[in-house]
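Novice: My structure is stored as model-v5.cif, with mmCIF, C-alpha atoms; chains and numbers go by the auth columns.
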data_entry
loop_
_atom_site.group_PDB
_atom_site.id
_atom_site.type_symbol
_atom_site.label_atom_id
_atom_site.label_comp_id
_atom_site.label_asym_id
_atom_site.label_seq_id
_atom_site.Cartn_x
_atom_site.Cartn_y
_atom_site.Cartn_z
_atom_site.B_iso_or_equiv
_atom_site.auth_seq_id
_atom_site.auth_asym_id
ATOM 1 C CA MET A 1 0.000 0.000 0.000 0.00 13 A
ATOM 2 C CA PHE A 2 3.028 2.299 -0.199 0.00 14 A
ATOM 3 C CA ASP A 3 5.505 3.104 -2.992 0.00 15 A
ATOM 4 C CA LEU A 4 8.722 4.422 -1.449 0.00 16 A
ATOM 5 C CA ALA A 5 10.122 5.502 -4.834 0.00 17 A
ATOM 6 C CA VAL A 6 7.083 7.682 -5.612 0.00 18 A
ATOM 7 C CA PHE A 7 7.090 9.105 -2.083 0.00 19 A
ATOM 8 C CA GLY A 8 10.813 9.871 -2.160 0.00 20 A
ATOM 9 C CA SER A 9 10.729 11.443 -5.613 0.00 21 A
ATOM 10 C CA LEU A 10 7.873 13.851 -4.853 0.00 22 A
ATOM 11 C CA PHE A 11 9.127 14.623 -1.344 0.00 23 A
ATOM 12 C CA LEU A 12 12.586 15.523 -2.686 0.00 24 A
ATOM 13 C CA THR A 13 11.104 17.629 -5.481 0.00 25 A
ATOM 14 C CA LEU A 14 8.847 19.560 -3.095 0.00 26 A
ATOM 15 C CA PHE A 15 11.696 19.892 -0.589 0.00 27 A
ATOM 16 C CA VAL A 16 13.976 21.648 -3.064 0.00 28 A
ATOM 17 C CA ILE A 17 11.130 23.795 -4.442 0.00 29 A
ATOM 18 C CA MET A 18 9.661 24.857 -1.099 0.00 30 A
ATOM 19 C CA ASP A 19 13.177 25.023 0.372 0.00 31 A
ATOM 20 C CA PRO A 20 12.548 24.683 4.156 0.00 32 A
ATOM 21 C CA PRO A 21 16.106 25.834 5.108 0.00 33 A
ATOM 22 C CA GLY A 22 15.867 28.826 2.787 0.00 34 A
ATOM 23 C CA ILE A 23 12.452 29.866 4.097 0.00 35 A
ATOM 24 C CA THR A 24 13.842 30.169 7.634 0.00 36 A
ATOM 25 C CA PRO A 25 15.465 33.625 7.334 0.00 37 A
ATOM 26 C CA ILE A 26 12.474 34.903 5.324 0.00 38 A
ATOM 27 C CA PHE A 27 10.053 33.678 8.002 0.00 39 A
ATOM 28 C CA LEU A 28 12.133 35.331 10.715 0.00 40 A
ATOM 29 C CA ALA A 29 12.256 38.614 8.773 0.00 41 A
ATOM 30 C CA LEU A 30 8.504 38.625 8.180 0.00 42 A
ATOM 31 C CA THR A 31 7.601 37.787 11.765 0.00 43 A
ATOM 32 C CA SER A 32 10.297 39.770 13.582 0.00 44 A
ATOM 33 C CA GLY A 33 9.129 41.830 16.539 0.00 45 A
ATOM 34 C CA ARG A 34 6.207 39.535 17.263 0.00 46 A
ATOM 35 C CA PRO A 35 5.931 37.384 20.416 0.00 47 A
ATOM 36 C CA ALA A 36 7.113 33.776 20.128 0.00 48 A
ATOM 37 C CA LYS A 37 3.523 32.550 20.566 0.00 49 A
ATOM 38 C CA VAL A 38 2.388 34.645 17.592 0.00 50 A
ATOM 39 C CA GLN A 39 5.312 33.402 15.511 0.00 51 A
ATOM 40 C CA ARG A 40 4.353 29.803 16.225 0.00 52 A
ATOM 41 C CA ARG A 41 0.734 30.491 15.253 0.00 53 A
ATOM 42 C CA MET A 42 1.815 32.170 12.017 0.00 54 A
ATOM 43 C CA ALA A 43 4.012 29.178 11.164 0.00 55 A
ATOM 44 C CA LEU A 44 0.970 26.899 11.474 0.00 56 A
ATOM 45 C CA GLN A 45 -1.221 29.298 9.464 0.00 57 A
ATOM 46 C CA ALA A 46 1.326 29.505 6.644 0.00 58 A
ATOM 47 C CA VAL A 47 1.578 25.720 6.388 0.00 59 A
ATOM 48 C CA CYS A 48 -2.230 25.334 6.448 0.00 60 A
ATOM 49 C CA VAL A 49 -2.651 27.878 3.639 0.00 61 A
ATOM 50 C CA ALA A 50 0.044 26.206 1.538 0.00 62 A
ATOM 51 C CA GLY A 51 -1.445 22.775 2.207 0.00 63 A
ATOM 52 C CA GLY A 52 -4.920 23.951 1.246 0.00 64 A
ATOM 53 C CA VAL A 53 -3.754 25.419 -2.061 0.00 65 A
ATOM 54 C CA ILE A 54 -1.699 22.321 -2.894 0.00 66 A
ATOM 55 C CA THR A 55 -4.615 20.021 -2.006 0.00 67 A
ATOM 56 C CA VAL A 56 -7.078 21.906 -4.225 0.00 68 A
ATOM 57 C CA PHE A 57 -4.765 21.703 -7.229 0.00 69 A
ATOM 58 C CA GLY A 58 -3.906 18.095 -6.450 0.00 70 A
ATOM 59 C CA LEU A 59 -7.574 17.075 -6.389 0.00 71 A
ATOM 60 C CA LEU A 60 -8.842 19.288 -9.214 0.00 72 A
ATOM 61 C CA GLY A 61 -5.713 19.501 -11.346 0.00 73 A
ATOM 62 C CA HIS A 62 -7.040 17.059 -13.948 0.00 74 A
ATOM 63 C CA GLN A 63 -10.304 18.969 -14.348 0.00 75 A
ATOM 64 C CA ILE A 64 -8.435 22.279 -14.588 0.00 76 A
ATOM 65 C CA LEU A 65 -6.208 20.876 -17.350 0.00 77 A
ATOM 66 C CA ASP A 66 -9.198 19.492 -19.250 0.00 78 A
ATOM 67 C CA TYR A 67 -11.028 22.815 -19.001 0.00 79 A
ATOM 68 C CA LEU A 68 -8.005 24.724 -20.316 0.00 80 A
ATOM 69 C CA HIS A 69 -7.283 22.038 -22.966 0.00 81 A
ATOM 70 C CA VAL A 70 -3.705 21.666 -21.750 0.00 82 A
ATOM 71 C CA SER A 71 -1.917 18.336 -22.269 0.00 83 A
ATOM 72 C CA VAL A 72 0.272 16.721 -19.634 0.00 84 A
ATOM 73 C CA PRO A 73 3.434 16.903 -21.831 0.00 85 A
ATOM 74 C CA ALA A 74 2.840 20.651 -22.298 0.00 86 A
ATOM 75 C CA LEU A 75 2.431 21.041 -18.546 0.00 87 A
ATOM 76 C CA MET A 76 5.601 19.015 -17.964 0.00 88 A
ATOM 77 C CA ILE A 77 7.632 21.242 -20.299 0.00 89 A
ATOM 78 C CA ALA A 78 6.164 24.454 -18.875 0.00 90 A
ATOM 79 C CA GLY A 79 6.660 23.157 -15.344 0.00 91 A
ATOM 80 C CA GLY A 80 10.236 22.188 -16.135 0.00 92 A
ATOM 81 C CA LEU A 81 11.001 25.664 -17.459 0.00 93 A
ATOM 82 C CA LEU A 82 9.379 27.188 -14.377 0.00 94 A
ATOM 83 C CA LEU A 83 11.392 24.953 -12.054 0.00 95 A
ATOM 84 C CA LEU A 84 14.542 25.888 -13.943 0.00 96 A
ATOM 85 C CA LEU A 85 13.872 29.581 -13.310 0.00 97 A
ATOM 86 C CA ILE A 86 13.387 28.855 -9.598 0.00 98 A
ATOM 87 C CA ALA A 87 16.598 26.804 -9.586 0.00 99 A
ATOM 88 C CA LEU A 88 18.546 29.642 -11.195 0.00 100 A
ATOM 89 C CA ASP A 89 17.221 32.014 -8.533 0.00 101 A
ATOM 90 C CA LEU A 90 18.352 29.625 -5.809 0.00 102 A
ATOM 91 C CA LEU A 91 21.783 29.199 -7.402 0.00 103 A
ATOM 92 C CA THR A 92 22.403 32.902 -7.953 0.00 104 A
ATOM 93 C CA GLY A 93 20.777 34.098 -4.740 0.00 105 A
ATOM 94 C CA LYS A 94 18.510 36.540 -6.568 0.00 106 A
ATOM 95 C CA THR A 95 15.309 35.593 -4.752 0.00 107 A
ATOM 96 C CA ASP A 96 13.433 38.599 -3.433 0.00 108 A
ATOM 97 C CA GLU A 97 12.760 38.624 0.293 0.00 109 A
ATOM 98 C CA PRO A 98 9.500 40.444 0.961 0.00 110 A
ATOM 99 C CA LYS A 99 9.536 42.970 3.778 0.00 111 A
ATOM 100 C CA GLN A 100 7.416 42.676 6.889 0.00 112 A
ATOM 101 C CA THR A 101 4.108 44.514 6.883 0.00 113 A
ATOM 102 C CA LYS A 102 2.213 45.147 10.114 0.00 114 A
ATOM 103 C CA ASP A 103 -1.240 45.492 8.522 0.00 115 A
ATOM 104 C CA VAL A 104 -1.192 42.198 6.602 0.00 116 A
ATOM 105 C CA ASN A 105 -1.126 38.651 7.932 0.00 117 A
ATOM 106 C CA VAL A 106 2.138 37.580 6.295 0.00 118 A
ATOM 107 C CA ALA A 107 1.390 33.945 7.191 0.00 119 A
ATOM 108 C CA LEU A 108 -1.248 33.973 4.438 0.00 120 A
ATOM 109 C CA VAL A 109 0.490 36.177 1.862 0.00 121 A
ATOM 110 C CA PRO A 110 3.332 35.965 0.952 0.00 122 A
ATOM 111 C CA LEU A 111 4.385 33.046 3.211 0.00 123 A
ATOM 112 C CA GLY A 112 1.558 30.576 2.551 0.00 124 A
ATOM 113 C CA MET A 113 1.285 31.620 -1.073 0.00 125 A
ATOM 114 C CA PRO A 114 3.316 32.161 -3.212 0.00 126 A
ATOM 115 C CA LEU A 115 6.502 31.451 -1.201 0.00 127 A
ATOM 116 C CA LEU A 116 5.445 27.949 -0.106 0.00 128 A
ATOM 117 C CA ALA A 117 2.586 27.020 -2.450 0.00 129 A
ATOM 118 C CA GLY A 118 4.159 28.580 -5.518 0.00 130 A
ATOM 119 C CA PRO A 119 3.736 27.672 -9.192 0.00 131 A
ATOM 120 C CA GLY A 120 6.564 25.141 -9.092 0.00 132 A
ATOM 121 C CA ALA A 121 5.062 23.189 -6.197 0.00 133 A
ATOM 122 C CA ILE A 122 1.574 23.304 -7.738 0.00 134 A
ATOM 123 C CA VAL A 123 2.796 21.989 -11.103 0.00 135 A
ATOM 124 C CA SER A 124 4.807 19.219 -9.426 0.00 136 A
ATOM 125 C CA VAL A 125 1.800 18.048 -7.380 0.00 137 A
ATOM 126 C CA ILE A 126 -0.572 18.082 -10.368 0.00 138 A
ATOM 127 C CA LEU A 127 1.888 15.978 -12.380 0.00 139 A
ATOM 128 C CA ALA A 128 2.530 13.584 -9.491 0.00 140 A
ATOM 129 C CA VAL A 129 -1.189 12.983 -8.930 0.00 141 A
ATOM 130 C CA GLN A 130 -1.692 12.522 -12.692 0.00 142 A
ATOM 131 C CA LYS A 131 1.083 9.911 -12.942 0.00 143 A
ATOM 132 C CA ALA A 132 0.285 8.028 -9.702 0.00 144 A
ATOM 133 C CA ASP A 133 -0.931 4.485 -10.452 0.00 145 A
ATOM 134 C CA GLY A 134 -3.724 3.028 -8.336 0.00 146 A
ATOM 135 C CA VAL A 135 -4.303 3.358 -4.618 0.00 147 A
ATOM 136 C CA THR A 136 -0.649 2.691 -3.747 0.00 148 A
ATOM 137 C CA GLY A 137 0.590 5.545 -5.924 0.00 149 A
ATOM 138 C CA GLN A 138 -2.022 7.978 -4.650 0.00 150 A
ATOM 139 C CA VAL A 139 -1.319 7.114 -0.999 0.00 151 A
ATOM 140 C CA SER A 140 2.408 7.633 -1.605 0.00 152 A
ATOM 141 C CA VAL A 141 1.834 11.004 -3.306 0.00 153 A
ATOM 142 C CA TRP A 142 -0.410 12.394 -0.570 0.00 154 A
ATOM 143 C CA ALA A 143 1.903 11.009 2.123 0.00 155 A
ATOM 144 C CA ALA A 144 4.774 12.938 0.517 0.00 156 A
ATOM 145 C CA ILE A 145 2.662 16.114 0.405 0.00 157 A
ATOM 146 C CA LEU A 146 1.729 15.706 4.079 0.00 158 A
ATOM 147 C CA ALA A 147 5.327 14.941 5.057 0.00 159 A
ATOM 148 C CA ILE A 148 6.799 18.041 3.394 0.00 160 A
ATOM 149 C CA HIS A 149 4.219 20.253 5.092 0.00 161 A
ATOM 150 C CA VAL A 150 5.081 18.732 8.464 0.00 162 A
ATOM 151 C CA VAL A 151 8.751 19.462 7.750 0.00 163 A
ATOM 152 C CA LEU A 152 7.917 23.046 6.782 0.00 164 A
ATOM 153 C CA TRP A 153 5.950 23.544 9.986 0.00 165 A
ATOM 154 C CA LEU A 154 8.751 22.107 12.121 0.00 166 A
ATOM 155 C CA VAL A 155 11.372 24.276 10.406 0.00 167 A
ATOM 156 C CA MET A 156 9.398 27.489 10.885 0.00 168 A
ATOM 157 C CA ARG A 157 8.237 26.457 14.352 0.00 169 A
ATOM 158 C CA TYR A 158 11.824 26.036 15.511 0.00 170 A
ATOM 159 C CA SER A 159 13.375 28.584 13.147 0.00 171 A
ATOM 160 C CA LEU A 160 15.034 30.599 15.902 0.00 172 A
ATOM 161 C CA LEU A 161 16.921 27.516 17.097 0.00 173 A
ATOM 162 C CA ILE A 162 17.755 26.330 13.560 0.00 174 A
ATOM 163 C CA ILE A 163 19.205 29.666 12.448 0.00 175 A
ATOM 164 C CA ARG A 164 21.316 29.711 15.615 0.00 176 A
ATOM 165 C CA VAL A 165 22.740 26.254 14.789 0.00 177 A
ATOM 166 C CA ILE A 166 23.448 26.422 11.029 0.00 178 A
ATOM 167 C CA LYS A 167 24.103 30.174 10.832 0.00 179 A
ATOM 168 C CA ASP A 168 23.549 32.291 7.695 0.00 180 A
ATOM 169 C CA GLY A 169 26.370 30.517 5.865 0.00 181 A
ATOM 170 C CA GLY A 170 24.691 27.149 6.349 0.00 182 A
ATOM 171 C CA VAL A 171 21.411 28.451 4.931 0.00 183 A
ATOM 172 C CA VAL A 172 23.214 29.794 1.860 0.00 184 A
ATOM 173 C CA LEU A 173 25.037 26.490 1.317 0.00 185 A
ATOM 174 C CA VAL A 174 21.872 24.390 1.558 0.00 186 A
ATOM 175 C CA THR A 175 20.035 26.815 -0.742 0.00 187 A
ATOM 176 C CA ARG A 176 22.747 26.511 -3.412 0.00 188 A
ATOM 177 C CA LEU A 177 22.713 22.715 -3.202 0.00 189 A
ATOM 178 C CA ALA A 178 18.924 22.715 -3.494 0.00 190 A
ATOM 179 C CA GLY A 179 19.194 24.918 -6.592 0.00 191 A
ATOM 180 C CA MET A 180 21.599 22.507 -8.248 0.00 192 A
ATOM 181 C CA MET A 181 19.371 19.507 -7.549 0.00 193 A
ATOM 182 C CA LEU A 182 16.266 21.356 -8.688 0.00 194 A
ATOM 183 C CA SER A 183 17.919 22.385 -11.972 0.00 195 A
ATOM 184 C CA ALA A 184 18.657 18.720 -12.753 0.00 196 A
ATOM 185 C CA ILE A 185 15.045 17.748 -11.934 0.00 197 A
ATOM 186 C CA ALA A 186 13.768 20.593 -14.132 0.00 198 A
ATOM 187 C CA VAL A 187 15.894 19.576 -17.140 0.00 199 A
ATOM 188 C CA GLN A 188 14.799 15.949 -16.769 0.00 200 A
ATOM 189 C CA GLN A 189 11.142 17.048 -16.645 0.00 201 A
ATOM 190 C CA ILE A 190 11.582 19.050 -19.861 0.00 202 A
ATOM 191 C CA ILE A 191 13.234 16.046 -21.534 0.00 203 A
ATOM 192 C CA ASN A 192 10.366 13.776 -20.433 0.00 204 A
ATOM 193 C CA GLY A 193 7.788 16.244 -21.787 0.00 205 A
ATOM 194 C CA VAL A 194 9.523 16.599 -25.158 0.00 206 A
ATOM 195 C CA THR A 195 9.882 12.804 -25.390 0.00 207 A
ATOM 196 C CA GLN A 196 6.145 12.334 -24.809 0.00 208 A
ATOM 197 C CA VAL A 197 5.325 14.954 -27.446 0.00 209 A
ATOM 198 C CA ILE A 198 7.523 13.119 -29.975 0.00 210 A
ATOM 199 C CA GLN A 199 6.041 9.732 -29.066 0.00 211 A
ATOM 200 C CA ASN A 200 2.466 11.047 -29.387 0.00 212 A
ATOM 201 C CA ALA A 201 3.129 12.812 -32.685 0.00 213 A
#
Written as structure tokens, how would this file's structure read?
Specialist:
Amino acid sequence: MFDLAVFGSLFLTLFVIMDPPGITPIFLALTSGRPAKVQRRMALQAVCVAGGVITVFGLLGHQILDYLHVSVPALMIAGGLLLLLIALDLLTGKTDEPKQTKDVNVALVPLGMPLLAGPGAIVSVILAVQKADGVTGQVSVWAAILAIHVVLWLVMRYSLLIIRVIKDGGVVLVTRLAGMMLSAIAVQQIINGVTQVIQNA
């Protein structure tokens, strides 16, 4: 009832896209000046928002594609290009860190969406749900989605401790490694999409 390969593949993909280590300094910047209790609540809110968005697209992704008349190979190529852009941002360190705003619940926007539940994560989940075979595949996919959100919550929940342990240099190193891995995944996704287009032609 569980496919470890499917689980591991999607979990790794979502890990490098959502980038839990990289979100730590952004979360701290957005929630600075607030009591620890409020920070913990905002961490939970951000994960719930991201999980809700991902779940909606995971469940209704097929219907959305049918309505827009978009094929899976086209989505794979577009998703691969999108992931490649994210990977380049991670590698070059050009990601924009939004500033804290007192009048807006930053746990919803921009933390929950689009920082966590961004286009790359949404595309990856839609494709994973589409390709999952039977009950075993679906269970593995949703287990991976649940697992990455638990990791995100834990990272933000204990962000003050984590940043104290790995320091800013550690965050930068992990972010660069994630960018390199994500770029390889993106290129492979583009290759798979082009291959399917050629095979279906």
Novice: Using only C-alpha atoms, which protein or nucleic acid residues come within 10 Å of A:Leu71? Drop anything in the same chain fewer than 5 positions from it, and give the result as a list in words.
Specialist: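 My list of contacting residues is Ile66, Ile76, Val137, Ile138, Val141 and Gln142 of chain A.
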Novice: To one decimal place, how far is atom CA of A:Ala99 from atom CA of A:Leu87 in Å?
Specialist: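 Computing the Euclidean distance for atom CA of A:Ala99 and atom CA of A:Leu87 yields 17.7 Å.
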Novice: Just want the 10 Å neighbourhood of A:Val84, counted on all atoms listed in the file, with same-chain residues fewer than 2 positions away dropped. Output as a list of chain:residue names.
Specialist: A:His74, A:Leu77, A:Asp78, A:His81, A:Val82, A:Ala86, A:Leu87, A:Met88, A:Ile89, A:Ala90, A:Ile138, A:Leu139, A:Gln142, A:Lys143, A:Gly205, A:Gln208, A:Val209
Novice: Smallest atom-to-atom distance to A:Thr25: which of A:Thr67, A:Ser83, A:Ser136, A:Gln57, using all atoms listed in the file?
Specialist: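 Among the listed residues, A:Ser136 lies closest to A:Thr25.
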Novice: Between A:Leu173, A:Leu72, A:Met193, A:Ala140, which one has atoms that come closest to A:Thr36, using all atoms listed in the file?
Specialist: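 Of A:Leu173, A:Leu72, A:Met193, A:Ala140, the one nearest A:Thr36, counting all atoms listed in the file, is A:Leu173.
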Novice: Extending 3 Å beyond the listed atoms of stretch 93-106 of chain A on each side, what axis-aligned box results? I want centre and edge lengths in Å to one decimal, as lines of an AutoDock Vina configuration file.
Specialist:
center_x = 15.9
center_y = 30.7
center_z = -11.1
size_x = 19.0
size_y = 17.6
size_z = 18.7
Novice: Using all atoms listed in the file, which residues sit within 9 Å of A:Asp31 once same-chain residues fewer than 3 positions away are excluded, as a ChimeraX atom specification?
Specialist: /A:26-28,34-36,128,164,186-187,190
Novice: Please return as a PyMOL selection string every residue within 12 Å of (23.6, 32.2, -8.4), taking into account all atoms listed in the file and the file's own coordinates.
Specialist: chain A and resi 97-107+184-185+187-192+195
Novice: By how many Å are atom CA of A:Leu94 and atom CA of A:Gly132 apart?
Specialist: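 Value for the atom CA of A:Leu94-atom CA of A:Gly132 distance: 6.3 Å.
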Novice: Could you tell me which of A:Arg169, A:Ile134, A:Ile178, A:Val206 comes closest to A:Gly64 if we count only C-alpha atoms?
Specialist: A:Ile134
Novice: With all atoms listed in the file as the basis for distance, which of A:Val50, A:Leu22, A:Val135, A:Leu80 is at the shortest distance from A:Leu95?
Specialist: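 Answer, going by the shortest atom-to-atom distance: A:Val135.
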Novice: For A:Ile157, please output as a VMD selection string all residues within 7 Å (counting only C-alpha atoms; exclusion window: fewer than 4 positions along the same chain).
Specialist: chain A and resid 23 153 161
Novice: Generate the output file for the selected residues, C-alpha atoms, as an mmCIF file, keeping the file's coordinate frame.
Specialist:
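And here's out27.cif as it stands now:
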data_model
loop_
_atom_site.group_PDB
_atom_site.id
_atom_site.type_symbol
_atom_site.label_atom_id
_atom_site.label_comp_id
_atom_site.auth_asym_id
_atom_site.auth_seq_id
_atom_site.Cartn_x
_atom_site.Cartn_y
_atom_site.Cartn_z
ATOM 1 C CA PHE A 23 9.127 14.623 -1.344
ATOM 2 C CA VAL A 153 1.834 11.004 -3.306
ATOM 3 C CA HIS A 161 4.219 20.253 5.092
#
Novice: Between atom CA of A:Gln201 and atom CA of A:Gln75, what is the spacing in Å?
Specialist: 21.7 Å
Novice: From the set A:Ala133, A:Leu127, A:Leu158, A:Leu56, which residue has the shortest atom-to-atom contact distance to A:Gly91, counting all atoms listed in the file?
Specialist: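 Closest residue, counting all atoms listed in the file: A:Ala133.
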Novice: With distances taken over only C-alpha atoms, which of A:Leu166, A:Val177, A:Leu93, A:Leu172 is nearest to A:Ile38?
Specialist: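 Smallest distance to A:Ile38 is found for A:Leu172.
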Novice: Which residues, named as in the file, does the PyMOL selection byres ((chain A and resi 151) around 12) pick out? Answer as an NGL selection string.
Specialist: :A and (13-16 or 18-19 or 140-141 or 144-150 or 152-159)
Novice: What would stretch 168-181 of chain A look like with N, CA and C atoms restored, written as a PDB file, in the frame of the given file?
Specialist:
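Everything below was put into result-v7.pdb:
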ATOM      1  N   MET A 168       9.802  26.136  10.490  1.00  0.00           N
ATOM      2  CA  MET A 168       9.398  27.489  10.885  1.00  0.00           C
ATOM      3  C   MET A 168       9.108  27.566  12.379  1.00  0.00           C
ATOM      4  N   ARG A 169       8.555  26.498  12.923  1.00  0.00           N
ATOM      5  CA  ARG A 169       8.237  26.457  14.352  1.00  0.00           C
ATOM      6  C   ARG A 169       9.499  26.623  15.197  1.00  0.00           C
ATOM      7  N   TYR A 170      10.564  25.982  14.758  1.00  0.00           N
ATOM      8  CA  TYR A 170      11.824  26.036  15.511  1.00  0.00           C
ATOM      9  C   TYR A 170      12.896  26.834  14.763  1.00  0.00           C
ATOM     10  N   SER A 171      12.451  27.822  13.991  1.00  0.00           N
ATOM     11  CA  SER A 171      13.375  28.584  13.147  1.00  0.00           C
ATOM     12  C   SER A 171      14.441  29.335  13.942  1.00  0.00           C
ATOM     13  N   LEU A 172      14.066  29.856  15.086  1.00  0.00           N
ATOM     14  CA  LEU A 172      15.034  30.599  15.902  1.00  0.00           C
ATOM     15  C   LEU A 172      16.196  29.704  16.323  1.00  0.00           C
ATOM     16  N   LEU A 173      15.881  28.464  16.696  1.00  0.00           N
ATOM     17  CA  LEU A 173      16.921  27.516  17.097  1.00  0.00           C
ATOM     18  C   LEU A 173      17.753  27.076  15.885  1.00  0.00           C
ATOM     19  N   ILE A 174      17.068  26.807  14.764  1.00  0.00           N
ATOM     20  CA  ILE A 174      17.755  26.330  13.560  1.00  0.00           C
ATOM     21  C   ILE A 174      18.748  27.359  13.051  1.00  0.00           C
ATOM     22  N   ILE A 175      18.329  28.617  12.970  1.00  0.00           N
ATOM     23  CA  ILE A 175      19.205  29.666  12.448  1.00  0.00           C
ATOM     24  C   ILE A 175      20.407  29.862  13.361  1.00  0.00           C
ATOM     25  N   ARG A 176      20.217  29.577  14.660  1.00  0.00           N
ATOM     26  CA  ARG A 176      21.316  29.711  15.615  1.00  0.00           C
ATOM     27  C   ARG A 176      22.341  28.586  15.422  1.00  0.00           C
ATOM     28  N   VAL A 177      21.862  27.412  14.954  1.00  0.00           N
ATOM     29  CA  VAL A 177      22.740  26.254  14.789  1.00  0.00           C
ATOM     30  C   VAL A 177      23.507  26.302  13.465  1.00  0.00           C
ATOM     31  N   ILE A 178      22.788  26.507  12.334  1.00  0.00           N
ATOM     32  CA  ILE A 178      23.448  26.422  11.029  1.00  0.00           C
ATOM     33  C   ILE A 178      23.997  27.753  10.548  1.00  0.00           C
ATOM     34  N   LYS A 179      23.617  28.839  11.186  1.00  0.00           N
ATOM     35  CA  LYS A 179      24.103  30.174  10.832  1.00  0.00           C
ATOM     36  C   LYS A 179      23.675  30.552   9.403  1.00  0.00           C
ATOM     37  N   ASP A 180      23.925  31.813   9.025  1.00  0.00           N
ATOM     38  CA  ASP A 180      23.549  32.291   7.695  1.00  0.00           C
ATOM     39  C   ASP A 180      24.309  31.549   6.602  1.00  0.00           C
ATOM     40  N   GLY A 181      25.570  31.224   6.863  1.00  0.00           N
ATOM     41  CA  GLY A 181      26.370  30.517   5.865  1.00  0.00           C
ATOM     42  C   GLY A 181      25.805  29.151   5.543  1.00  0.00           C
TER      43      GLY A 181
END
